Structure formats: C-alpha cells, structure tokens
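*Asks:* Hey, dropping input-v1.cif in here, mmCIF, C-alpha atoms:
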```cif
data_protein
loop_
_atom_site.group_PDB
_atom_site.id
_atom_site.type_symbol
_atom_site.label_atom_id
_atom_site.label_comp_id
_atom_site.auth_asym_id
_atom_site.auth_seq_id
_atom_site.Cartn_x
_atom_site.Cartn_y
_atom_site.Cartn_z
ATOM 1 C CA MET R 602 195.417 222.099 64.047
ATOM 2 C CA MET R 603 198.721 220.558 62.952
ATOM 3 C CA PHE R 604 199.297 216.813 63.172
ATOM 4 C CA SER R 605 202.959 216.574 62.246
ATOM 5 C CA ASP R 606 202.809 217.670 58.576
ATOM 6 C CA TYR R 607 199.020 217.409 58.373
ATOM 7 C CA LYS R 608 196.817 220.430 58.999
ATOM 8 C CA VAL R 609 193.217 219.589 59.927
ATOM 9 C CA ARG R 610 190.148 221.789 59.485
ATOM 10 C CA MET R 611 188.637 221.584 62.956
ATOM 11 C CA ASP R 612 185.373 223.241 61.903
ATOM 12 C CA LEU R 613 184.494 220.224 59.739
ATOM 13 C CA LEU R 614 184.720 217.695 62.553
ATOM 14 C CA SER R 615 181.878 216.153 64.498
ATOM 15 C CA CYS R 616 182.062 215.519 68.240
ATOM 16 C CA PRO R 617 183.783 213.210 68.937
ATOM 17 C CA PRO R 618 185.556 213.195 65.560
ATOM 18 C CA THR R 619 186.469 210.074 63.601
ATOM 19 C CA ALA R 620 189.248 209.443 61.107
ATOM 20 C CA ILE R 621 190.819 206.777 58.953
ATOM 21 C CA ASP R 622 194.608 206.985 58.803
ATOM 22 C CA ALA R 623 195.887 204.891 55.892
ATOM 23 C CA GLY R 624 199.645 204.591 56.164
ATOM 24 C CA ALA R 625 199.662 205.159 59.911
ATOM 25 C CA ALA R 626 203.335 204.241 60.436
ATOM 26 C CA LEU R 627 204.243 204.886 64.096
ATOM 27 C CA GLY R 628 201.263 207.101 64.834
ATOM 28 C CA GLU R 629 202.352 210.610 63.891
ATOM 29 C CA PHE R 630 198.727 211.325 63.021
ATOM 30 C CA CYS R 631 196.855 208.784 65.156
ATOM 31 C CA LEU R 632 198.309 209.826 68.500
ATOM 32 C CA PRO R 633 197.528 213.573 68.267
ATOM 33 C CA TRP R 634 194.044 212.701 66.990
ATOM 34 C CA ALA R 635 193.430 210.542 70.060
ATOM 35 C CA LEU R 636 194.911 213.232 72.303
ATOM 36 C CA MET R 637 192.018 215.518 71.371
ATOM 37 C CA GLY R 638 189.535 212.744 72.064
ATOM 38 C CA GLY R 639 189.000 211.557 68.511
ATOM 39 C CA ARG R 640 188.539 207.979 67.372
ATOM 40 C CA VAL R 641 190.814 206.757 64.575
ATOM 41 C CA VAL R 642 191.404 203.589 62.596
ATOM 42 C CA GLY R 643 195.095 203.332 61.763
ATOM 43 C CA LEU R 644 195.960 201.085 58.827
ATOM 44 C CA GLU R 645 199.584 200.047 58.520
ATOM 45 C CA PRO R 646 200.446 197.122 56.227
ATOM 46 C CA ILE R 647 204.094 196.709 57.171
ATOM 47 C CA PRO R 648 204.001 194.250 60.084
ATOM 48 C CA TYR R 649 206.841 195.580 62.207
ATOM 49 C CA LEU R 650 205.551 199.162 61.880
ATOM 50 C CA ALA R 651 202.069 198.022 62.893
ATOM 51 C CA ARG R 652 203.546 196.309 65.956
ATOM 52 C CA GLU R 653 205.422 199.470 66.930
ATOM 53 C CA LEU R 654 202.282 201.530 66.401
ATOM 54 C CA GLN R 655 200.357 199.210 68.698
ATOM 55 C CA LYS R 656 203.082 199.626 71.338
ATOM 56 C CA ASN R 657 202.713 203.414 71.075
ATOM 57 C CA VAL R 658 198.957 203.077 71.450
ATOM 58 C CA ASP R 659 199.318 200.844 74.502
ATOM 59 C CA VAL R 660 201.932 202.941 76.294
ATOM 60 C CA ASN R 661 199.737 206.023 75.872
ATOM 61 C CA ASP R 662 196.612 204.133 76.970
ATOM 62 C CA TYR R 663 194.746 205.001 73.758
ATOM 63 C CA GLY R 664 193.353 201.551 73.132
ATOM 64 C CA GLU R 665 189.763 202.759 73.261
ATOM 65 C CA LEU R 666 190.413 205.500 70.687
ATOM 66 C CA ILE R 667 192.926 204.020 68.238
ATOM 67 C CA THR R 668 192.269 200.782 66.388
ATOM 68 C CA VAL R 669 195.402 199.432 64.723
ATOM 69 C CA VAL R 670 194.716 197.334 61.627
ATOM 70 C CA THR R 671 197.613 195.524 59.942
ATOM 71 C CA ALA R 672 196.392 195.927 56.384
ATOM 72 C CA ALA R 673 196.863 197.960 53.229
ATOM 73 C CA LEU R 674 194.066 199.998 51.703
ATOM 74 C CA ASP R 675 192.998 198.443 48.421
ATOM 75 C CA ILE R 676 190.444 199.077 45.683
ATOM 76 C CA ARG R 677 189.116 195.503 45.913
ATOM 77 C CA GLU R 678 186.287 195.000 48.374
ATOM 78 C CA GLY R 679 186.374 192.196 50.896
ATOM 79 C CA PRO R 680 189.373 191.080 52.946
ATOM 80 C CA GLY R 681 192.204 190.024 50.670
ATOM 81 C CA ASN R 682 195.972 190.021 50.433
ATOM 82 C CA ARG R 683 198.746 191.023 48.092
ATOM 83 C CA LEU R 684 202.503 191.215 47.883
ATOM 84 C CA ILE R 685 204.251 194.477 48.648
ATOM 85 C CA ASN R 686 207.882 195.437 48.266
ATOM 86 C CA ILE R 687 209.722 197.041 51.159
ATOM 87 C CA TRP R 688 212.869 199.131 50.922
ATOM 88 C CA LYS R 689 214.411 199.815 54.338
ATOM 89 C CA SER R 690 216.093 203.175 54.763
ATOM 90 C CA ASN R 691 218.791 203.927 57.281
ATOM 91 C CA HIS R 692 216.053 204.911 59.720
ATOM 92 C CA GLU R 693 214.423 201.970 61.439
ATOM 93 C CA ALA R 694 210.844 203.243 61.158
ATOM 94 C CA THR R 695 210.804 204.671 57.638
ATOM 95 C CA SER R 696 210.402 201.653 55.400
ATOM 96 C CA PHE R 697 208.184 202.350 52.417
ATOM 97 C CA TYR R 698 206.614 200.434 49.581
ATOM 98 C CA LEU R 699 206.203 201.595 45.992
ATOM 99 C CA LYS R 700 204.749 199.190 43.481
ATOM 100 C CA ASN R 701 206.508 201.030 40.643
ATOM 101 C CA ASN R 702 209.913 201.336 42.302
ATOM 102 C CA MET R 703 212.481 199.808 39.988
ATOM 103 C CA LYS R 704 215.077 199.110 42.693
ATOM 104 C CA THR R 705 215.390 195.614 44.116
ATOM 105 C CA PRO R 706 213.434 195.569 47.397
ATOM 106 C CA ASP R 707 215.000 194.500 50.672
ATOM 107 C CA VAL R 708 212.068 192.205 51.344
ATOM 108 C CA VAL R 709 208.777 191.193 49.774
ATOM 109 C CA VAL R 710 205.932 190.387 52.146
ATOM 110 C CA MET R 711 202.326 189.268 51.833
ATOM 111 C CA VAL R 712 199.978 191.720 53.575
ATOM 112 C CA ASN R 713 196.278 191.830 54.296
ATOM 113 C CA THR R 714 194.117 194.270 52.332
ATOM 114 C CA LEU R 715 190.810 196.028 52.940
ATOM 115 C CA SER R 716 188.864 198.510 50.862
ATOM 116 C CA LEU R 717 187.775 201.866 52.210
ATOM 117 C CA ALA R 718 184.191 200.582 52.327
ATOM 118 C CA ASP R 719 185.375 197.548 54.316
ATOM 119 C CA VAL R 720 187.110 199.744 56.889
ATOM 120 C CA ILE R 721 184.088 201.996 57.308
ATOM 121 C CA ARG R 722 181.762 199.036 57.692
ATOM 122 C CA MET R 723 183.967 196.963 59.994
ATOM 123 C CA TYR R 724 185.409 199.633 62.278
ATOM 124 C CA LEU R 725 183.175 202.721 62.092
ATOM 125 C CA ASP R 726 179.704 201.165 62.229
ATOM 126 C CA ASP R 727 179.150 202.000 58.556
ATOM 127 C CA ARG R 728 179.490 205.736 59.213
ATOM 128 C CA PRO R 729 181.899 207.714 57.002
ATOM 129 C CA PRO R 730 184.760 209.334 58.909
ATOM 130 C CA ASP R 731 185.172 213.071 59.397
ATOM 131 C CA LEU R 732 188.594 212.771 57.813
ATOM 132 C CA LEU R 733 190.452 210.413 55.516
ATOM 133 C CA LYS R 734 194.234 210.672 55.579
ATOM 134 C CA LEU R 735 196.212 208.901 52.851
ATOM 135 C CA ASP R 736 199.966 208.383 52.953
ATOM 136 C CA ILE R 737 200.159 205.132 51.037
ATOM 137 C CA GLU R 738 203.235 205.462 48.859
ATOM 138 C CA GLY R 739 201.708 205.676 45.399
ATOM 139 C CA GLU R 740 198.478 203.756 45.983
ATOM 140 C CA GLU R 741 196.603 207.022 46.628
ATOM 141 C CA PHE R 742 195.858 207.454 42.932
ATOM 142 C CA GLU R 743 193.736 204.312 42.599
ATOM 143 C CA ILE R 744 191.950 204.968 45.884
ATOM 144 C CA LEU R 745 191.038 208.551 44.970
ATOM 145 C CA LEU R 746 189.880 207.498 41.515
ATOM 146 C CA THR R 747 187.709 204.553 42.536
ATOM 147 C CA ALA R 748 186.704 204.633 46.220
ATOM 148 C CA ASP R 749 183.288 205.749 47.411
ATOM 149 C CA LEU R 750 184.044 209.006 49.240
ATOM 150 C CA THR R 751 180.426 209.776 50.080
ATOM 151 C CA GLY R 752 179.984 211.551 53.398
ATOM 152 C CA ILE R 753 183.690 212.286 53.991
ATOM 153 C CA PRO R 754 184.080 216.069 54.426
ATOM 154 C CA GLN R 755 187.870 216.209 54.576
ATOM 155 C CA ILE R 756 190.653 214.342 52.786
ATOM 156 C CA ILE R 757 194.351 214.870 53.418
ATOM 157 C CA VAL R 758 196.587 213.066 50.958
ATOM 158 C CA GLU R 759 200.319 212.846 50.443
ATOM 159 C CA PHE R 760 200.908 212.521 46.722
ATOM 160 C CA HIS R 761 203.872 210.412 45.561
ATOM 161 C CA ARG R 762 204.147 211.482 41.951
ATOM 162 C CA GLU R 763 207.258 209.405 41.351
ATOM 163 C CA ALA R 764 204.910 206.398 41.511
ATOM 164 C CA ASP R 765 202.396 207.893 39.068
ATOM 165 C CA VAL R 766 203.536 206.033 35.972
ATOM 166 C CA GLU R 767 199.983 206.003 34.590
ATOM 167 C CA ASN R 768 199.647 209.809 34.897
ATOM 168 C CA GLN R 769 196.640 209.666 37.208
ATOM 169 C CA TYR R 770 197.482 212.763 39.256
ATOM 170 C CA ASP R 771 195.386 215.201 37.229
ATOM 171 C CA ALA R 772 192.523 212.707 37.029
ATOM 172 C CA CYS R 773 192.447 212.526 40.837
ATOM 173 C CA TRP R 774 192.089 216.281 41.077
ATOM 174 C CA GLU R 775 189.344 216.267 38.457
ATOM 175 C CA ARG R 776 187.381 213.540 40.215
ATOM 176 C CA LEU R 777 187.609 215.325 43.566
ATOM 177 C CA ARG R 778 186.396 218.552 41.968
ATOM 178 C CA ASN R 779 183.513 216.699 40.332
ATOM 179 C CA LEU R 780 182.565 215.283 43.725
ATOM 180 C CA GLY R 781 182.412 218.791 45.176
ATOM 181 C CA TYR R 782 185.758 218.910 46.961
ATOM 182 C CA VAL R 783 187.813 222.098 47.101
ATOM 183 C CA TRP R 784 191.584 222.180 47.542
ATOM 184 C CA ASP R 785 192.308 224.660 50.327
ATOM 185 C CA TRP R 786 195.756 223.857 51.774
ATOM 186 C CA HIS R 787 199.021 222.164 50.896
ATOM 187 C CA HIS R 788 202.359 221.383 52.483
ATOM 188 C CA GLY R 789 205.525 221.203 50.422
ATOM 189 C CA ASN R 790 206.381 222.300 46.908
ATOM 190 C CA MET R 791 203.530 221.388 44.551
ATOM 191 C CA LYS R 792 206.063 220.946 41.734
ATOM 192 C CA CYS R 793 207.977 218.297 43.674
ATOM 193 C CA HIS R 794 207.323 214.591 43.530
ATOM 194 C CA GLN R 795 205.945 214.459 47.084
ATOM 195 C CA HIS R 796 203.570 216.980 48.622
ATOM 196 C CA ILE R 797 200.507 216.996 50.866
ATOM 197 C CA CYS R 798 197.131 218.458 49.899
ATOM 198 C CA ARG R 799 193.904 218.963 51.796
ATOM 199 C CA PHE R 800 190.533 218.727 50.079
ATOM 200 C CA VAL R 801 187.338 219.748 51.842
ATOM 201 C CA LYS R 802 183.648 219.474 51.082
ATOM 202 C CA GLU R 803 180.816 221.151 52.889
ATOM 203 C CA MET R 804 178.320 218.482 53.941
ATOM 204 C CA LYS R 805 174.649 219.410 53.399
#
```
Could you show the structure in this file as structure tokens?

*Replies:*
Amino acid sequence: MMFSDYKVRMDLLSCPPTAIDAGAALGEFCLPWALMGGRVVGLEPIPYLARELQKNVDVNDYGELITVVTAALDIREGPGNRLINIWKSNHEATSFYLKNNMKTPDVVVMVNTLSLADVIRMYLDDRPPDLLKLDIEGEEFEILLTADLTGIPQIIVEFHREADVENQYDACWERLRNLGYVWDWHHGNMKCHQHICRFVKEMK
C-alpha cells in the first residue's frame, strides 16, 4: 500500500498495526495509516509543523489513532533538548533541518528530543511498532547505527546523503544486514542524494 512516497508491506503488519513516524510533517504518512485503522506516533520537532499536524488530526477525528509528539528523534535516552537549524523554503510546510547544512539558517530553535526506546516505552506500552518510518533530514544515520531495532519488522527510511559527512551510509546498510534486515524496495534514484528504502525482517 502506498502512503505518499512510502510503500508498506501489509503482510508484515499486526492487527491493528502500529507505527512510529519520525519526521511526520503534516501527516502524509500518519493520516493514511490512521485511515486503515492503524495507531501511529508522529514525531515532528518543528513547532509550527507539529501544530499543523495536530490540526489535521483533529479535523479528521483521528485523535484516538494518531499521537502527535513535538520532539526530534535522538540517540540519547531520556527526554532532552537540542538546537536545530531551520531553513524555510518557498512552500510554507516544507521547512527542513540539516545539522551539516553550511547555509545560514532562517531560524534556530530549541526542540525536545526522545530516543526510539523512549517513544516505544512512553507511547506504545513498551511494544515495538510494526513499522518505523524515518524522514529526519540527515539524522537517520545515527539512529540506524545505534538504536535498538529489536522486534521491528519493517523500516522505511529516506536517506539524505548530502548530510552524510561522516560517510555512515554504507555502515547503516551493513548494520541492518547484520540484524537480519533485507532491502526489498526503493523509491527514487539510488545514486541521488535523497532516496527512500524499505528494509524488512521476518519475525520468528
């Protein structure tokens, strides 16, 4: 099933399915997930995007299925905070943050942070989600290299290779393979800076 640019393996989902959407923006993934009856935690660190996402949740009456959390995913456990840079494009809802972007940001804001383990514990009753979706503007490398992915059968990640100044891309693939994940789908040109990949793992 397609969720905007994200294609989900339906056969790997429980009933009802759960997901963590890191980089939820306005709900391009969260809303279709809720439409099929799934429960999703949508993390969006940029405050005005999180507010707009909450409005979309409310107007569609998805409050029982979508939990909006104004926070960035981080490798440090326990609630914390950090500064992020925001560059606003010409489109109101497409601000992004890249820690390695050399351009002067439009604004720098302090945002809340949670680790993947925190999110699972606080919002999913300590049960790993059926799917982890990452669109976190360059932070995906640290998450994939360090987070505990135990029990998560499906990961969909948008890679932002322009932010990979430490050359961690190949290491992410190696770690996922070592954990038993198989790459089985992608969207976009794999040679380009940005592309989406799906990794799946059969749960025993």

*Asks:* Decode the PyMOL selection byres ((chain R and resi 677) around 10) for the given file into explicit residues and return them as a list in words.

*Replies:*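 The output of the PyMOL selection byres ((chain R and resi 677) around 10) on this file is Leu674, Asp675, Ile676, Glu678, Gly679, Pro680, Gly681, Asn682, Thr714, Leu715, Ser716, Leu717, Ala718, Asp719, Ile744, Thr747 and Ala748 of chain R.
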
*Asks:* Using all atoms listed in the file, find the one residue out of R:Pro617, R:Pro730, R:Gly789, R:Gly739 that sits nearest to Gln755 in chain R.

*Replies:*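 Result for the nearest residue to Gln755 in chain R: R:Pro730.
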
*Asks:* Can you measure CA of His787 in chain R to CA of Val642 in chain R for me? One decimal in Å is fine.

*Replies:*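 So the two atoms, CA of His787 in chain R and CA of Val642 in chain R, lie 23.2 Å apart.
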
*Asks:* At what distance in Å, to one decimal, does CA of Val709 in chain R lie from CA of Cys773 in chain R?

*Replies:*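 About the pair CA of Cys773 in chain R and CA of Val709 in chain R: they are 28.3 Å apart.
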
*Asks:* To one decimal in Å, tell me the separation between CA of Leu644 in chain R and CA of Asn779 in chain R.

*Replies:*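 CA of Asn779 in chain R lies at a distance of 27.2 Å from CA of Leu644 in chain R.
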
*Asks:* Could you list the residues chosen by the PyMOL selection byres ((chain R and resi 795) around 8) in this structure as a list of chain:residue names?

*Replies:* R:Glu759, R:Phe760, R:His761, R:Arg762, R:Glu763, R:Gly789, R:Asn790, R:Met791, R:Cys793, R:His794, R:His796, R:Ile797

*Asks:* Kindly export the residues of the current selection with C-alpha atoms, as a PDB file, in the frame of the given file.

*Replies:*
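again-v9.pdb written:
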```pdb
ATOM      1  CA  GLU R 759     200.319 212.846  50.443  1.00  0.00           C
ATOM      2  CA  PHE R 760     200.908 212.521  46.722  1.00  0.00           C
ATOM      3  CA  HIS R 761     203.872 210.412  45.561  1.00  0.00           C
ATOM      4  CA  ARG R 762     204.147 211.482  41.951  1.00  0.00           C
ATOM      5  CA  GLU R 763     207.258 209.405  41.351  1.00  0.00           C
ATOM      6  CA  GLY R 789     205.525 221.203  50.422  1.00  0.00           C
ATOM      7  CA  ASN R 790     206.381 222.300  46.908  1.00  0.00           C
ATOM      8  CA  MET R 791     203.530 221.388  44.551  1.00  0.00           C
ATOM      9  CA  CYS R 793     207.977 218.297  43.674  1.00  0.00           C
ATOM     10  CA  HIS R 794     207.323 214.591  43.530  1.00  0.00           C
ATOM     11  CA  HIS R 796     203.570 216.980  48.622  1.00  0.00           C
ATOM     12  CA  ILE R 797     200.507 216.996  50.866  1.00  0.00           C
TER      13      ILE R 797
END
```

*Asks:* What residues come out when you apply the PyMOL selection byres ((chain R and resi 672) around 6) to this file, written as a PyMOL selection string?

*Replies:* chain R and resi 644-646+670-671+673+713-714

*Asks:* Looking at R:Val758, R:Leu627, R:Val720, R:Leu750, which one is nearest to Gly781 in chain R, with distances taken over all atoms listed in the file?

*Replies:*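 For Gly781 in chain R, the nearest of the given residues is R:Leu750.
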
*Asks:* When distances are computed from all atoms listed in the file, which of R:Phe800, R:Tyr663, R:Tyr649, R:Tyr607 shows the smallest separation from Trp784 in chain R?

*Replies:*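 Distance minimum relative to Trp784 in chain R lands on R:Phe800.
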
*Asks:* Pick from R:Ile737, R:Val609, R:Leu746, R:Cys616: nearest to Ala764 in chain R, with all atoms listed in the file counted?

*Replies:*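 Using all atoms listed in the file, Ala764 in chain R sits closest to R:Ile737.
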
*Asks:* Considering all atoms listed in the file, can you say which of R:Leu777, R:Val641, R:Ala635, R:Met611 comes closest to Thr668 in chain R?

*Replies:*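 Of the candidates, the smallest distance to Thr668 in chain R is held by R:Val641.
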